[in-house]
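For reference, the structure is listed below as structure tokens.
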Amino acid sequence: MVLYSEKVMEYFRNPWNVGVIEVADGVGEVGNAACGDIMKIYLKIEDGIVSDVKFENFGCGFAIASSSIATELIKGPPFRSLMSAATSRGQSAPSRRNGQDRKRI
């Protein structure tokens, strides 16, 4: 029985954008008390564009993979459009990005 898609396993085995941005313009931290996962994300914003993003994660394979995938979705677009996407209702960010359905990730 396969628990995770090959794409999720790829991001777990080889996560992208792991690390710390020493002089970050924004830092966020979120945790899940039920399972103990903790993710910290660092953003570098230049001229309103997210130019770099890094993360640190203490968690399961899926938490690591989803953090890595999130950094790929965040890097590049204008910060304002990311904030708008984060607050919109009825559609997940991955489905708005490249037409990918959330379940396929």
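Order determines the names: the first chain of the structure tokens is A, the second B, and so forth; residues in each chain are numbered 1 upward, and ligands are numbered 1 upward as they are shown.
For A:Val50, the non-local neighbours within 6 Å, defined as residues at least 3 positions apart in the same chain or in other chains and counting only C-alpha atoms, are Lys44, Ile45, Lys75, Gly76 and Phe79 of chain A.
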Generate the output file for the selected residues, all heavy atoms, as a PDB file, in the first residue's frame.
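again-v4.pdb was written with the following content:
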```
ATOM      1  N   LYS A  44      12.692  36.606   1.861  1.00  0.00           N
ATOM      2  CA  LYS A  44      13.440  37.777   1.416  1.00  0.00           C
ATOM      3  C   LYS A  44      12.596  38.417   0.331  1.00  0.00           C
ATOM      4  O   LYS A  44      12.240  37.758  -0.661  1.00  0.00           O
ATOM      5  CB  LYS A  44      14.811  37.367   0.874  1.00  0.00           C
ATOM      6  CG  LYS A  44      15.694  38.525   0.539  1.00  0.00           C
ATOM      7  CD  LYS A  44      16.113  39.206   1.822  1.00  0.00           C
ATOM      8  CE  LYS A  44      17.084  40.328   1.563  1.00  0.00           C
ATOM      9  NZ  LYS A  44      17.284  41.122   2.759  1.00  0.00           N
ATOM     10  N   ILE A  45      12.232  39.680   0.519  1.00  0.00           N
ATOM     11  CA  ILE A  45      11.359  40.381  -0.420  1.00  0.00           C
ATOM     12  C   ILE A  45      12.109  41.577  -0.984  1.00  0.00           C
ATOM     13  O   ILE A  45      12.610  42.409  -0.235  1.00  0.00           O
ATOM     14  CB  ILE A  45      10.051  40.825   0.266  1.00  0.00           C
ATOM     15  CG1 ILE A  45       9.341  39.593   0.836  1.00  0.00           C
ATOM     16  CG2 ILE A  45       9.154  41.588  -0.699  1.00  0.00           C
ATOM     17  CD1 ILE A  45       8.218  39.896   1.779  1.00  0.00           C
ATOM     18  N   LYS A  75       8.064  31.336  -3.940  1.00  0.00           N
ATOM     19  CA  LYS A  75       9.163  32.077  -4.561  1.00  0.00           C
ATOM     20  C   LYS A  75       8.761  32.590  -5.940  1.00  0.00           C
ATOM     21  O   LYS A  75       8.269  31.841  -6.769  1.00  0.00           O
ATOM     22  CB  LYS A  75      10.393  31.189  -4.705  1.00  0.00           C
ATOM     23  CG  LYS A  75      11.649  31.966  -5.090  1.00  0.00           C
ATOM     24  CD  LYS A  75      12.828  31.067  -5.368  1.00  0.00           C
ATOM     25  CE  LYS A  75      13.355  30.415  -4.137  1.00  0.00           C
ATOM     26  NZ  LYS A  75      14.572  29.636  -4.366  1.00  0.00           N
ATOM     27  N   GLY A  76       8.974  33.891  -6.146  1.00  0.00           N
ATOM     28  CA  GLY A  76       8.738  34.473  -7.460  1.00  0.00           C
ATOM     29  C   GLY A  76       7.552  35.408  -7.564  1.00  0.00           C
ATOM     30  O   GLY A  76       7.706  36.525  -8.034  1.00  0.00           O
ATOM     31  N   PHE A  79       4.560  39.582  -3.536  1.00  0.00           N
ATOM     32  CA  PHE A  79       4.126  39.296  -2.172  1.00  0.00           C
ATOM     33  C   PHE A  79       2.645  39.597  -1.994  1.00  0.00           C
ATOM     34  O   PHE A  79       1.916  38.844  -1.366  1.00  0.00           O
ATOM     35  CB  PHE A  79       4.963  40.098  -1.179  1.00  0.00           C
ATOM     36  CG  PHE A  79       4.649  39.782   0.247  1.00  0.00           C
ATOM     37  CD1 PHE A  79       5.029  38.576   0.797  1.00  0.00           C
ATOM     38  CD2 PHE A  79       3.958  40.685   1.032  1.00  0.00           C
ATOM     39  CE1 PHE A  79       4.736  38.264   2.120  1.00  0.00           C
ATOM     40  CE2 PHE A  79       3.660  40.386   2.357  1.00  0.00           C
ATOM     41  CZ  PHE A  79       4.050  39.181   2.896  1.00  0.00           C
TER      42      PHE A  79
END
```
> Which residues in stretch 2-75 of chain A does DSSP call alpha helix (DSSP H)? List them as a PyMOL selection string.
Replying inline: chain A and resi 6-13+61-74
>> Which residues are close to A:Gly31, i.e. within 10 Å by only C-alpha atoms, leaving aside same-chain residues fewer than 5 positions away? Reply as an MDAnalysis selection string.
In response: chainID A and resid 36:40 57:59
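A straight line drawn from atom CA of A:Ile49 to atom CA of A:Ile74 is 9.7 Å long.
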